[in-house]
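Enquirer: What follows is run-v1.cif, mmCIF, C-alpha atoms.
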```cif
data_model
loop_
_atom_site.label_atom_id
_atom_site.label_comp_id
_atom_site.auth_asym_id
_atom_site.auth_seq_id
_atom_site.Cartn_x
_atom_site.Cartn_y
_atom_site.Cartn_z
CA MET A 866 -5.42 11.43 3.61
CA SER A 867 -8.89 11.13 5.09
CA SER A 868 -10.46 8.69 2.68
CA VAL A 869 -10.52 4.94 3.16
CA GLY A 870 -9.24 2.95 0.19
CA ILE A 871 -10.60 -0.37 -0.93
CA GLY A 872 -9.16 -3.09 1.25
CA GLN A 873 -8.19 -0.66 4.00
CA ARG A 874 -9.90 -0.69 7.38
CA PRO A 875 -10.61 2.69 8.99
CA GLN A 876 -7.72 3.64 11.27
CA ASN A 877 -9.13 6.72 13.03
CA ARG A 878 -12.38 8.45 13.85
CA ARG A 879 -12.43 10.48 10.68
CA GLN A 880 -12.05 7.45 8.45
CA LYS A 881 -14.73 5.64 10.44
CA ALA A 882 -17.03 8.62 9.93
CA VAL A 883 -16.36 8.53 6.17
CA LYS A 884 -17.18 4.82 6.00
CA PHE A 885 -20.30 5.31 8.11
CA PHE A 886 -21.39 8.12 5.78
CA TRP A 887 -21.13 5.95 2.66
CA ILE A 888 -22.93 3.08 4.34
CA GLY A 889 -25.55 5.49 5.68
CA ILE A 890 -26.43 6.62 2.16
CA TRP A 891 -27.88 3.19 1.44
CA LEU A 892 -29.98 3.36 4.60
CA ALA A 893 -32.13 5.88 2.70
CA TYR A 894 -34.01 2.88 1.29
CA LEU A 895 -35.45 2.40 4.77
CA SER A 896 -37.69 5.38 4.09
CA ALA A 897 -40.55 2.98 3.30
CA PRO A 898 -40.59 1.35 6.77
CA VAL A 899 -40.09 4.75 8.43
CA ASN A 900 -42.99 6.23 6.45
CA ASP A 901 -45.12 3.25 7.41
CA LEU A 902 -44.42 3.85 11.10
CA LEU A 903 -45.19 7.54 10.79
CA HIS A 904 -48.25 7.40 8.54
CA GLY A 905 -49.35 3.77 8.48
CA GLY A 906 -52.10 4.17 11.05
CA HIS A 907 -50.54 1.81 13.57
CA SER A 908 -51.39 2.02 17.25
CA ASP A 909 -48.95 3.64 19.64
CA GLY A 910 -47.82 0.30 21.02
CA VAL A 911 -47.20 -1.12 17.55
CA GLN A 912 -45.27 2.03 16.57
CA VAL A 913 -43.00 1.72 19.61
CA LEU A 914 -42.32 -1.94 18.89
CA GLY A 915 -41.78 -1.11 15.22
CA TRP A 916 -39.20 1.58 16.02
CA ILE A 917 -37.42 -0.79 18.40
CA GLY A 918 -37.38 -3.52 15.77
CA LEU A 919 -36.10 -1.16 13.07
CA ALA A 920 -33.38 0.22 15.35
CA ALA A 921 -32.31 -3.32 16.29
CA PHE A 922 -32.16 -4.34 12.62
CA VAL A 923 -30.06 -1.29 11.62
CA ALA A 924 -27.70 -1.76 14.58
CA TRP A 925 -27.16 -5.44 13.76
CA TYR A 926 -26.71 -4.61 10.07
CA LEU A 927 -24.10 -1.91 10.75
CA ALA A 928 -22.24 -4.11 13.21
CA LEU A 929 -22.00 -6.89 10.65
CA VAL A 930 -20.89 -4.57 7.84
CA PHE A 931 -18.26 -2.79 9.96
CA ARG A 932 -16.83 -6.10 11.17
CA THR A 933 -16.59 -7.58 7.69
CA GLY A 934 -13.11 -8.86 6.88
CA ARG A 935 -11.78 -8.89 10.45
CA GLY A 936 -11.38 -12.63 10.74
CA GLU A 937 -14.82 -13.75 11.92
CA THR A 938 -15.70 -17.37 11.27
CA ASN A 939 -18.28 -18.14 8.60
CA GLY A 940 -20.47 -19.69 11.27
CA LEU A 941 -20.66 -16.42 13.20
CA VAL A 942 -21.53 -14.49 10.04
CA LEU A 943 -24.19 -17.03 9.07
CA GLY A 944 -25.67 -16.73 12.55
CA SER A 945 -25.77 -12.94 12.25
CA LEU A 946 -27.45 -13.19 8.85
CA ALA A 947 -30.00 -15.58 10.32
CA VAL A 948 -30.80 -12.97 12.99
CA LEU A 949 -31.27 -10.29 10.30
CA ALA A 950 -33.48 -12.60 8.23
CA THR A 951 -35.59 -13.44 11.29
CA GLN A 952 -36.00 -9.75 12.16
CA SER A 953 -37.01 -8.99 8.57
CA THR A 954 -39.54 -11.82 8.54
CA VAL A 955 -41.17 -10.86 11.85
CA LEU A 956 -41.36 -7.17 10.97
CA SER A 957 -42.76 -7.87 7.49
CA LEU A 958 -45.45 -10.22 8.80
CA ALA A 959 -46.36 -7.90 11.68
CA LEU A 960 -46.25 -4.49 10.01
CA GLY A 961 -46.84 -5.01 6.29
CA ARG A 962 -45.35 -5.00 2.81
CA GLU A 963 -43.20 -1.86 3.28
CA TRP A 964 -40.92 -3.90 5.50
CA LEU A 965 -40.02 -6.38 2.77
CA VAL A 966 -37.22 -3.99 1.76
CA LEU A 967 -35.22 -5.30 4.74
CA PHE A 968 -34.46 -8.45 2.76
CA VAL A 969 -32.43 -6.37 0.30
CA TYR A 970 -30.08 -5.52 3.18
CA VAL A 971 -29.92 -9.19 4.19
CA SER A 972 -28.89 -10.11 0.65
CA ILE A 973 -26.27 -7.36 0.45
CA CYS A 974 -24.82 -8.41 3.82
CA SER A 975 -24.55 -11.96 2.51
CA GLY A 976 -22.45 -10.81 -0.42
CA ALA A 977 -20.29 -8.50 1.67
CA ALA A 978 -19.59 -10.75 4.65
CA LEU A 979 -19.40 -14.26 3.21
CA PRO A 980 -17.02 -15.89 0.72
CA PHE A 981 -18.55 -16.54 -2.67
CA HIS A 982 -18.94 -20.30 -2.18
CA LEU A 983 -21.40 -19.53 0.64
CA ALA A 984 -22.86 -16.27 -0.65
CA ARG A 985 -23.99 -17.94 -3.87
CA TRP A 986 -26.44 -19.90 -1.71
CA THR A 987 -27.42 -17.34 0.93
CA ILE A 988 -28.25 -14.58 -1.59
CA PRO A 989 -30.78 -16.71 -3.51
CA ALA A 990 -32.08 -18.00 -0.17
CA ALA A 991 -32.76 -14.44 1.06
CA SER A 992 -34.37 -13.61 -2.27
CA ALA A 993 -36.53 -16.74 -2.11
CA LEU A 994 -37.65 -15.85 1.43
CA LEU A 995 -38.49 -12.36 0.17
CA THR A 996 -40.56 -13.85 -2.66
CA GLY A 997 -42.40 -16.24 -0.36
CA LEU A 998 -43.30 -13.50 2.12
CA ALA A 999 -44.42 -11.22 -0.71
CA PHE A 1000 -47.21 -13.72 -1.45
CA VAL A 1001 -48.15 -13.97 2.23
CA VAL A 1002 -48.12 -10.29 3.21
CA PRO A 1003 -51.14 -8.37 1.89
CA GLY A 1004 -50.18 -6.38 -1.20
CA GLY A 1005 -46.66 -7.72 -1.09
CA THR A 1006 -46.61 -8.89 -4.69
CA SER A 1007 -46.84 -5.27 -5.86
CA PHE A 1008 -43.48 -4.63 -4.17
CA LEU A 1009 -41.85 -7.85 -5.35
CA GLY A 1010 -40.77 -6.57 -8.77
CA GLY A 1011 -39.00 -3.57 -7.28
CA LEU A 1012 -37.22 -5.53 -4.54
CA LEU A 1013 -36.28 -8.91 -5.98
CA LEU A 1014 -33.89 -7.61 -8.65
CA PRO A 1015 -32.03 -5.22 -6.29
CA ALA A 1016 -31.71 -8.06 -3.77
CA LEU A 1017 -30.12 -10.38 -6.31
CA LEU A 1018 -27.97 -7.81 -8.11
CA GLY A 1019 -26.94 -6.02 -4.91
CA GLY A 1020 -25.95 -9.24 -3.21
CA PHE A 1021 -23.89 -10.61 -6.06
CA SER A 1022 -22.33 -7.18 -6.71
CA MET A 1023 -21.08 -7.17 -3.13
CA THR A 1024 -19.39 -10.53 -3.70
CA GLY A 1025 -17.37 -8.80 -6.42
CA VAL A 1026 -16.52 -5.90 -4.10
CA ARG A 1027 -15.42 -8.40 -1.45
CA GLU A 1028 -13.09 -10.08 -3.95
CA ILE A 1029 -11.65 -6.69 -4.92
CA ILE A 1030 -10.99 -5.91 -1.25
CA ARG A 1031 -9.36 -9.31 -0.69
CA THR A 1032 -7.18 -8.91 -3.80
CA SER A 1033 -6.22 -5.37 -2.78
CA ILE A 1034 -5.10 -6.55 0.67
CA GLU A 1035 -3.08 -9.39 -0.86
CA LEU A 1036 -1.49 -6.99 -3.36
CA ARG A 1037 -0.50 -4.58 -0.58
CA GLU A 1038 1.05 -7.42 1.38
CA ALA A 1039 2.84 -8.61 -1.77
CA ARG A 1040 4.28 -5.13 -2.31
CA ALA A 1041 5.62 -5.08 1.23
CA THR A 1042 7.12 -8.53 0.69
CA VAL A 1043 8.76 -7.44 -2.57
CA ALA A 1044 10.30 -4.42 -0.85
CA GLN A 1045 11.57 -6.60 2.01
CA LEU A 1046 13.02 -9.17 -0.38
CA ALA A 1047 14.75 -6.40 -2.33
CA ALA A 1048 16.32 -5.08 0.87
CA ASN A 1049 17.41 -8.59 1.87
CA GLU A 1050 18.90 -9.20 -1.56
CA GLU A 1051 20.83 -5.94 -1.35
CA ARG A 1052 22.24 -6.93 2.04
CA LEU A 1053 23.20 -10.36 0.72
CA ARG A 1054 24.89 -8.80 -2.31
CA LEU A 1055 26.89 -6.46 -0.09
CA ALA A 1056 27.84 -9.38 2.16
CA ARG A 1057 28.99 -11.43 -0.85
CA ASP A 1058 31.05 -8.57 -2.24
CA LEU A 1059 32.70 -7.88 1.11
CA HIS A 1060 33.41 -11.58 1.50
CA ASP A 1061 35.02 -11.71 -1.93
CA LEU A 1062 37.07 -8.60 -1.17
CA LEU A 1063 38.20 -9.54 2.32
CA GLY A 1064 38.34 -13.33 2.15
CA HIS A 1065 41.57 -13.52 0.20
CA SER A 1066 43.20 -10.60 2.01
CA LEU A 1067 42.41 -11.97 5.46
CA SER A 1068 43.67 -15.41 4.46
CA VAL A 1069 46.96 -13.90 3.30
CA ILE A 1070 47.25 -11.83 6.48
CA THR A 1071 46.65 -14.93 8.62
CA LEU A 1072 49.20 -16.99 6.70
CA LYS A 1073 51.89 -14.31 6.80
CA SER A 1074 51.23 -13.68 10.50
CA GLU A 1075 51.88 -17.36 11.20
CA LEU A 1076 55.05 -17.28 9.09
CA ALA A 1077 56.30 -14.15 10.82
CA GLY A 1078 55.71 -15.78 14.20
CA ARG A 1079 57.76 -18.83 13.23
CA MET A 1080 60.54 -16.82 11.60
CA LEU A 1081 60.90 -14.24 14.33
CA PRO A 1082 63.28 -16.21 16.65
CA ASP A 1083 65.76 -17.36 13.98
CA HIS A 1084 65.21 -15.02 11.02
CA PRO A 1085 64.03 -11.61 12.27
CA ASP A 1086 64.87 -9.95 8.94
CA ARG A 1087 62.58 -12.32 7.04
CA ALA A 1088 59.93 -11.93 9.74
CA ALA A 1089 60.12 -8.17 9.27
CA GLN A 1090 59.51 -8.66 5.54
CA GLN A 1091 56.43 -10.73 6.31
CA VAL A 1092 55.17 -7.97 8.63
CA ALA A 1093 55.73 -5.42 5.86
CA ASP A 1094 53.74 -7.63 3.50
CA ILE A 1095 50.94 -7.85 6.07
CA GLU A 1096 50.83 -4.05 6.29
CA GLN A 1097 50.65 -3.75 2.51
CA VAL A 1098 47.86 -6.34 2.22
CA SER A 1099 45.92 -4.68 5.03
CA ARG A 1100 46.15 -1.26 3.42
CA GLN A 1101 45.01 -2.67 0.09
CA ALA A 1102 42.08 -4.41 1.80
CA MET A 1103 41.07 -1.11 3.37
CA VAL A 1104 41.19 0.57 -0.05
CA ASP A 1105 39.08 -2.20 -1.60
CA VAL A 1106 36.47 -2.01 1.14
CA ARG A 1107 36.35 1.77 0.95
CA GLU A 1108 35.83 1.64 -2.82
CA ALA A 1109 33.13 -1.00 -2.46
CA VAL A 1110 31.25 0.99 0.17
CA THR A 1111 31.62 4.17 -1.86
CA GLY A 1112 30.14 2.35 -4.85
CA TYR A 1113 27.12 1.32 -2.78
CA ARG A 1114 26.72 4.75 -1.27
CA ARG A 1115 27.00 6.52 -4.62
CA PRO A 1116 24.34 4.99 -6.80
CA ARG A 1117 24.19 5.81 -10.48
CA LEU A 1118 21.04 7.32 -11.97
CA ALA A 1119 20.90 4.90 -14.91
CA THR A 1120 21.21 1.94 -12.55
CA GLU A 1121 18.49 3.31 -10.27
CA LEU A 1122 16.15 3.84 -13.23
CA ALA A 1123 16.60 0.23 -14.26
CA GLY A 1124 16.09 -0.92 -10.68
CA ALA A 1125 13.00 1.27 -10.37
CA ARG A 1126 11.42 -0.38 -13.41
CA VAL A 1127 12.04 -3.84 -11.96
CA ALA A 1128 10.72 -2.92 -8.50
CA LEU A 1129 7.60 -1.16 -9.76
CA THR A 1130 6.76 -3.92 -12.24
CA ALA A 1131 7.22 -6.59 -9.58
CA ALA A 1132 4.89 -4.66 -7.27
CA GLY A 1133 2.17 -4.45 -9.94
CA VAL A 1134 2.63 -0.70 -10.54
CA THR A 1135 2.53 0.64 -14.10
CA ALA A 1136 5.90 2.36 -14.56
CA GLU A 1137 6.40 5.34 -16.89
CA LEU A 1138 10.16 5.94 -16.95
CA PRO A 1139 12.44 8.02 -19.18
CA ALA A 1140 15.09 6.58 -21.44
CA GLU A 1141 18.68 6.32 -20.24
CA PRO A 1142 19.64 9.91 -19.39
CA ASP A 1143 22.45 11.92 -20.93
CA LEU A 1144 24.42 13.12 -17.90
CA THR A 1145 27.20 14.87 -19.77
CA GLY A 1146 28.66 17.58 -17.58
CA VAL A 1147 26.55 16.69 -14.53
CA PRO A 1148 28.66 16.62 -11.36
CA GLU A 1149 28.99 13.23 -9.72
CA GLN A 1150 27.58 14.58 -6.47
CA SER A 1151 24.46 15.85 -8.26
CA GLU A 1152 23.92 12.53 -10.02
CA SER A 1153 24.32 10.59 -6.78
CA ALA A 1154 21.86 12.86 -4.97
CA LEU A 1155 19.22 12.37 -7.68
CA ALA A 1156 19.85 8.63 -7.68
CA TRP A 1157 19.20 8.55 -3.94
CA ALA A 1158 16.04 10.63 -4.46
CA LEU A 1159 14.77 8.19 -7.09
CA ARG A 1160 15.52 5.21 -4.86
CA GLU A 1161 13.70 6.77 -1.88
CA ALA A 1162 10.70 7.79 -4.01
CA VAL A 1163 10.30 4.36 -5.59
CA THR A 1164 10.68 2.68 -2.20
CA ASN A 1165 7.84 4.82 -0.83
CA VAL A 1166 5.65 4.02 -3.85
CA VAL A 1167 6.20 0.28 -3.47
CA ARG A 1168 5.87 0.14 0.31
CA HIS A 1169 3.34 2.76 1.29
CA SER A 1170 1.39 4.41 -1.51
CA GLY A 1171 -0.92 1.65 -2.79
CA ALA A 1172 -0.48 3.26 -6.23
CA ARG A 1173 -1.39 1.69 -9.56
CA ARG A 1174 0.73 4.05 -11.69
CA CYS A 1175 4.05 5.81 -11.17
CA ALA A 1176 5.53 8.33 -13.60
CA VAL A 1177 9.19 9.39 -13.50
CA ASP A 1178 10.43 12.39 -15.48
CA LEU A 1179 13.98 13.72 -15.77
CA VAL A 1180 14.65 17.06 -17.51
CA ARG A 1181 17.29 19.77 -17.63
CA ARG A 1182 16.18 23.34 -17.03
CA GLN A 1183 17.92 26.65 -17.44
CA THR A 1184 17.34 29.04 -14.55
CA LEU A 1185 18.75 32.38 -13.42
CA ASP A 1186 21.01 30.47 -11.02
CA GLY A 1187 22.29 28.20 -13.78
CA PRO A 1188 21.28 24.85 -15.29
CA LEU A 1189 19.40 22.41 -13.11
CA LEU A 1190 18.61 18.72 -13.45
CA GLU A 1191 15.09 18.02 -12.21
CA LEU A 1192 13.71 14.62 -11.19
CA ARG A 1193 9.94 14.33 -10.81
CA VAL A 1194 8.27 11.19 -9.40
CA GLU A 1195 4.49 11.17 -9.24
CA ASP A 1196 2.04 8.38 -8.34
CA ASP A 1197 -1.72 8.00 -7.99
CA GLY A 1198 -1.62 6.40 -4.54
CA SER A 1199 -2.57 7.59 -1.09
CA GLY A 1200 0.89 8.83 -0.13
CA SER A 1201 3.15 7.90 2.72
CA PRO A 1202 1.52 7.28 6.08
CA GLY A 1203 1.80 9.84 8.81
CA SER A 1204 1.30 13.58 8.99
CA GLY A 1205 4.92 14.74 8.75
CA PRO A 1206 8.03 13.98 6.71
CA GLY A 1207 9.62 10.64 7.49
CA ASN A 1208 13.27 9.96 8.19
CA GLY A 1209 13.81 9.01 4.56
CA LEU A 1210 12.63 12.37 3.20
CA THR A 1211 14.45 14.27 5.94
CA GLY A 1212 17.73 12.55 5.13
CA LEU A 1213 17.11 13.01 1.43
CA THR A 1214 16.56 16.75 1.90
CA GLU A 1215 19.89 17.02 3.72
CA ARG A 1216 21.67 15.02 1.00
CA LEU A 1217 20.27 17.25 -1.76
CA GLU A 1218 21.15 20.41 0.14
CA LYS A 1219 24.76 19.23 0.39
CA ALA A 1220 24.75 18.85 -3.40
CA GLY A 1221 23.30 22.37 -3.78
CA GLY A 1222 19.84 21.10 -4.65
CA THR A 1223 16.32 21.22 -3.27
CA LEU A 1224 13.47 18.81 -2.56
CA GLU A 1225 9.72 19.26 -2.81
CA ALA A 1226 7.39 16.46 -1.68
CA GLY A 1227 3.72 16.36 -0.85
CA GLY A 1228 0.28 15.07 -1.71
CA THR A 1229 -1.64 16.08 -4.81
CA ARG A 1230 -5.24 15.68 -5.84
CA GLN A 1231 -4.33 12.48 -7.69
CA GLY A 1232 -1.69 11.04 -5.36
CA PHE A 1233 1.84 12.00 -4.23
CA ARG A 1234 4.62 13.96 -5.95
CA LEU A 1235 8.35 14.26 -5.25
CA VAL A 1236 10.48 16.82 -7.12
CA ALA A 1237 14.26 16.91 -6.64
CA ARG A 1238 16.51 19.52 -8.29
CA VAL A 1239 20.31 19.63 -8.41
CA PRO A 1240 22.89 21.73 -10.28
CA ALA A 1241 23.56 20.29 -13.73
CA GLY A 1242 27.00 21.76 -14.44
CA SER A 1243 27.91 24.61 -16.72
CA ALA A 1244 25.49 26.36 -19.03
CA ALA A 1245 27.23 24.82 -22.05
CA ASP A 1246 26.11 21.40 -20.93
CA VAL A 1247 22.44 22.24 -20.93
CA GLY A 1248 20.58 20.79 -23.88
CA SER A 1249 16.93 21.04 -23.00
CA ALA A 1250 14.37 23.76 -22.95
CA PRO A 1251 13.55 25.60 -19.77
#
```
Would you encode the structure as structure tokens?

Expert:
Amino acid sequence: MSSVGIGQRPQNRRQKAVKFFWIGIWLAYLSAPVNDLLHGGHSDGVQVLGWIGLAAFVAWYLALVFRTGRGETNGLVLGSLAVLATQSTVLSLALGREWLVLFVYVSICSGAALPFHLARWTIPAASALLTGLAFVVPGGTSFLGGLLLPALLGGFSMTGVREIIRTSIELREARATVAQLAANEERLRLARDLHDLLGHSLSVITLKSELAGRMLPDHPDRAAQQVADIEQVSRQAMVDVREAVTGYRRPRLATELAGARVALTAAGVTAELPAEPDLTGVPEQSESALAWALREAVTNVVRHSGARRCAVDLVRRQTLDGPLLELRVEDDGSGSPGSGPGNGLTGLTERLEKAGGTLEAGGTRQGFRLVARVPAGSAADVGSAP
């Protein structure tokens, strides 16, 4: 993705160029000062100084806008705004009313670079300075009506944009935290289950080992019985652990759908999920593969996409190769970072191929889409339209 979302800083040259382009559009309002330099009848010396002053103002303005949100102190931003206001004042007094438009940029910078509790004072202050100079500069009052309202509205509009950016960054961080907490909770749950499974068995093994050691010199037959019991308990413990791990490694689709709703809702994503599916006749391997696909897709949505909506659809289709169960997960976010498939999608593709299925994943015009298909059993089990 080449665009830069709200709350995201440009990460490469292309994204920086996109941001510069959108900021550059608003520099079109500097046509009045440029026209004044070209056709205002100024002397050559005044024109040179005017071009230098305009270039310095634009450079300072762009530097302040591009650095917004990178942790600068409010004092540094206020100092930069003071420099812009001073440049605007000097240029307006020296070159005329056309240069009053610079105060609109000062006001907008105030809203974009300062928190609201400061911007609510600096924006009116820039507008007041604009008004005062309009009465001092010859003919300035004729420009006042067309500049004062944009200065006020533009400045306070940028305070709203700044709040949106701040909220977006916090939401993205919250999504990452939710995903991390979910992973930690899963690890803790596995640890608790393994503890419950092995705690008793290991205690019994330890106790019987001690008994066998004490009985061995005088009662070897009874010690042998204890050793046999130890072997039996150990084998049962291995079976329990294997079943527990198999249960974790073979997720159920209904469980994953319920977990997806919880994860997406917690991350602030609007979830559109199907009802509990009818998996009659679907092989266990196919169900497990789709469950893994759903888990991987939802994890990517929560962690990476920045999406506001995620739709999950599950349908059966009849094809020439037999019935298929198709899982479609689509979001309106920016997709997973990076140019190629990640380890998660690569592993998921291999898992689906082992189950006889396929995986399609990629960006769309609205976001990102993942489609997983697996065999759904015999044709008699298919109950949906193709």

Enquirer: If I put a ball of radius 6 Å at (8.7, 5.3, -13.3) in the file's coordinates, which residues poke into it when counting all atoms listed in the file, written as a list in words?

Expert: Ala1136, Glu1137, Leu1138, Cys1175, Ala1176 and Val1177 of chain A

Enquirer: I'd like to know which of A:Ala1125, A:Leu1210, A:Leu1055, A:Ala1241 is closest to Ser1151 in chain A, using all atoms listed in the file.

Expert: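 Among the listed residues, A:Ala1241 lies closest to Ser1151 in chain A.
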
Enquirer: Here's the selection I'm unsure about, the PyMOL selection byres ((chain A and resi 946-952) around 9); applied to the file above, which residues does it give, as a PyMOL selection string?

Expert: chain A and resi 918-919+921-922+925-926+929+941-945+953-957+967-968+970-972+974-975+987+991+994

Enquirer: Please compute the CA of Ala897 in chain A-CA of Gly976 in chain A distance, one decimal, in Å.

Expert: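 CA of Gly976 in chain A lies at a distance of 23.1 Å from CA of Ala897 in chain A.
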
Enquirer: Take the PyMOL selection byres ((chain A and resi 1064-1077) around 9), run it mentally on this structure, and tell me the resulting residues as a PyMOL selection string.

Expert: chain A and resi 1059-1063+1078-1081+1084-1085+1087-1092+1094-1096+1098-1099+1101-1102

Enquirer: May I ask which of the residues A:Ser1170, A:Thr1135, A:Asn1049, A:Ser908 is the closest one to Gly1232 in chain A, counting all atoms listed in the file?

Expert: A:Ser1170

Enquirer: For CA of Leu979 in chain A and CA of Ala993 in chain A, determine how far apart the two atoms are, in Å to one decimal place.

Expert: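 Taking CA of Leu979 in chain A and CA of Ala993 in chain A, their separation equals 18.1 Å.
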
Enquirer: So how far away is CA of Ile1030 in chain A from CA of Arg985 in chain A, in Å?

Expert: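 Result for CA of Arg985 in chain A versus CA of Ile1030 in chain A: 17.9 Å, one decimal.
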
Enquirer: Would you mind completing range 995-1014 of chain A so that it carries N, CA and C atoms, and writing it out as an mmCIF file, in the coordinates of the input?

Expert:
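So out38.cif came out as:
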```cif
data_model
loop_
_atom_site.group_PDB
_atom_site.id
_atom_site.type_symbol
_atom_site.label_atom_id
_atom_site.label_comp_id
_atom_site.auth_asym_id
_atom_site.auth_seq_id
_atom_site.Cartn_x
_atom_site.Cartn_y
_atom_site.Cartn_z
ATOM 1 N N LEU A 995 -37.797 -13.593 0.546
ATOM 2 C CA LEU A 995 -38.490 -12.360 0.170
ATOM 3 C C LEU A 995 -39.680 -12.659 -0.726
ATOM 4 N N THR A 996 -39.474 -13.508 -1.718
ATOM 5 C CA THR A 996 -40.560 -13.850 -2.660
ATOM 6 C C THR A 996 -41.695 -14.550 -1.934
ATOM 7 N N GLY A 997 -41.351 -15.523 -1.073
ATOM 8 C CA GLY A 997 -42.400 -16.240 -0.360
ATOM 9 C C GLY A 997 -43.227 -15.320 0.530
ATOM 10 N N LEU A 998 -42.572 -14.416 1.253
ATOM 11 C CA LEU A 998 -43.300 -13.500 2.120
ATOM 12 C C LEU A 998 -44.128 -12.502 1.329
ATOM 13 N N ALA A 999 -43.663 -12.153 0.123
ATOM 14 C CA ALA A 999 -44.420 -11.220 -0.710
ATOM 15 C C ALA A 999 -45.807 -11.781 -1.052
ATOM 16 N N PHE A 1000 -45.910 -13.101 -1.150
ATOM 17 C CA PHE A 1000 -47.210 -13.720 -1.450
ATOM 18 C C PHE A 1000 -48.045 -13.917 -0.192
ATOM 19 N N VAL A 1001 -47.422 -13.804 0.965
ATOM 20 C CA VAL A 1001 -48.150 -13.970 2.230
ATOM 21 C C VAL A 1001 -48.625 -12.619 2.770
ATOM 22 N N VAL A 1002 -47.773 -11.615 2.691
ATOM 23 C CA VAL A 1002 -48.120 -10.290 3.210
ATOM 24 C C VAL A 1002 -49.109 -9.625 2.265
ATOM 25 N N PRO A 1003 -50.156 -9.043 2.763
ATOM 26 C CA PRO A 1003 -51.140 -8.370 1.890
ATOM 27 C C PRO A 1003 -50.502 -7.287 1.045
ATOM 28 N N GLY A 1004 -50.733 -7.361 -0.263
ATOM 29 C CA GLY A 1004 -50.180 -6.380 -1.200
ATOM 30 C C GLY A 1004 -48.711 -6.531 -1.442
ATOM 31 N N GLY A 1005 -48.103 -7.573 -0.960
ATOM 32 C CA GLY A 1005 -46.660 -7.720 -1.090
ATOM 33 C C GLY A 1005 -46.192 -7.966 -2.505
ATOM 34 N N THR A 1006 -47.032 -8.595 -3.317
ATOM 35 C CA THR A 1006 -46.610 -8.890 -4.690
ATOM 36 C C THR A 1006 -46.388 -7.616 -5.507
ATOM 37 N N SER A 1007 -47.041 -6.526 -5.127
ATOM 38 C CA SER A 1007 -46.840 -5.270 -5.860
ATOM 39 C C SER A 1007 -45.452 -4.692 -5.591
ATOM 40 N N PHE A 1008 -44.830 -5.090 -4.493
ATOM 41 C CA PHE A 1008 -43.480 -4.630 -4.170
ATOM 42 C C PHE A 1008 -42.407 -5.604 -4.661
ATOM 43 N N LEU A 1009 -42.826 -6.800 -5.042
ATOM 44 C CA LEU A 1009 -41.850 -7.850 -5.350
ATOM 45 C C LEU A 1009 -40.958 -7.474 -6.522
ATOM 46 N N GLY A 1010 -41.551 -6.923 -7.592
ATOM 47 C CA GLY A 1010 -40.770 -6.570 -8.770
ATOM 48 C C GLY A 1010 -39.691 -5.544 -8.484
ATOM 49 N N GLY A 1011 -39.975 -4.607 -7.581
ATOM 50 C CA GLY A 1011 -39.000 -3.570 -7.280
ATOM 51 C C GLY A 1011 -37.970 -3.962 -6.240
ATOM 52 N N LEU A 1012 -38.156 -5.113 -5.588
ATOM 53 C CA LEU A 1012 -37.220 -5.530 -4.540
ATOM 54 C C LEU A 1012 -36.395 -6.755 -4.909
ATOM 55 N N LEU A 1013 -36.970 -7.657 -5.705
ATOM 56 C CA LEU A 1013 -36.280 -8.910 -5.980
ATOM 57 C C LEU A 1013 -34.998 -8.684 -6.788
ATOM 58 N N LEU A 1014 -35.081 -7.858 -7.825
ATOM 59 C CA LEU A 1014 -33.890 -7.610 -8.650
ATOM 60 C C LEU A 1014 -32.790 -6.891 -7.867
#
```
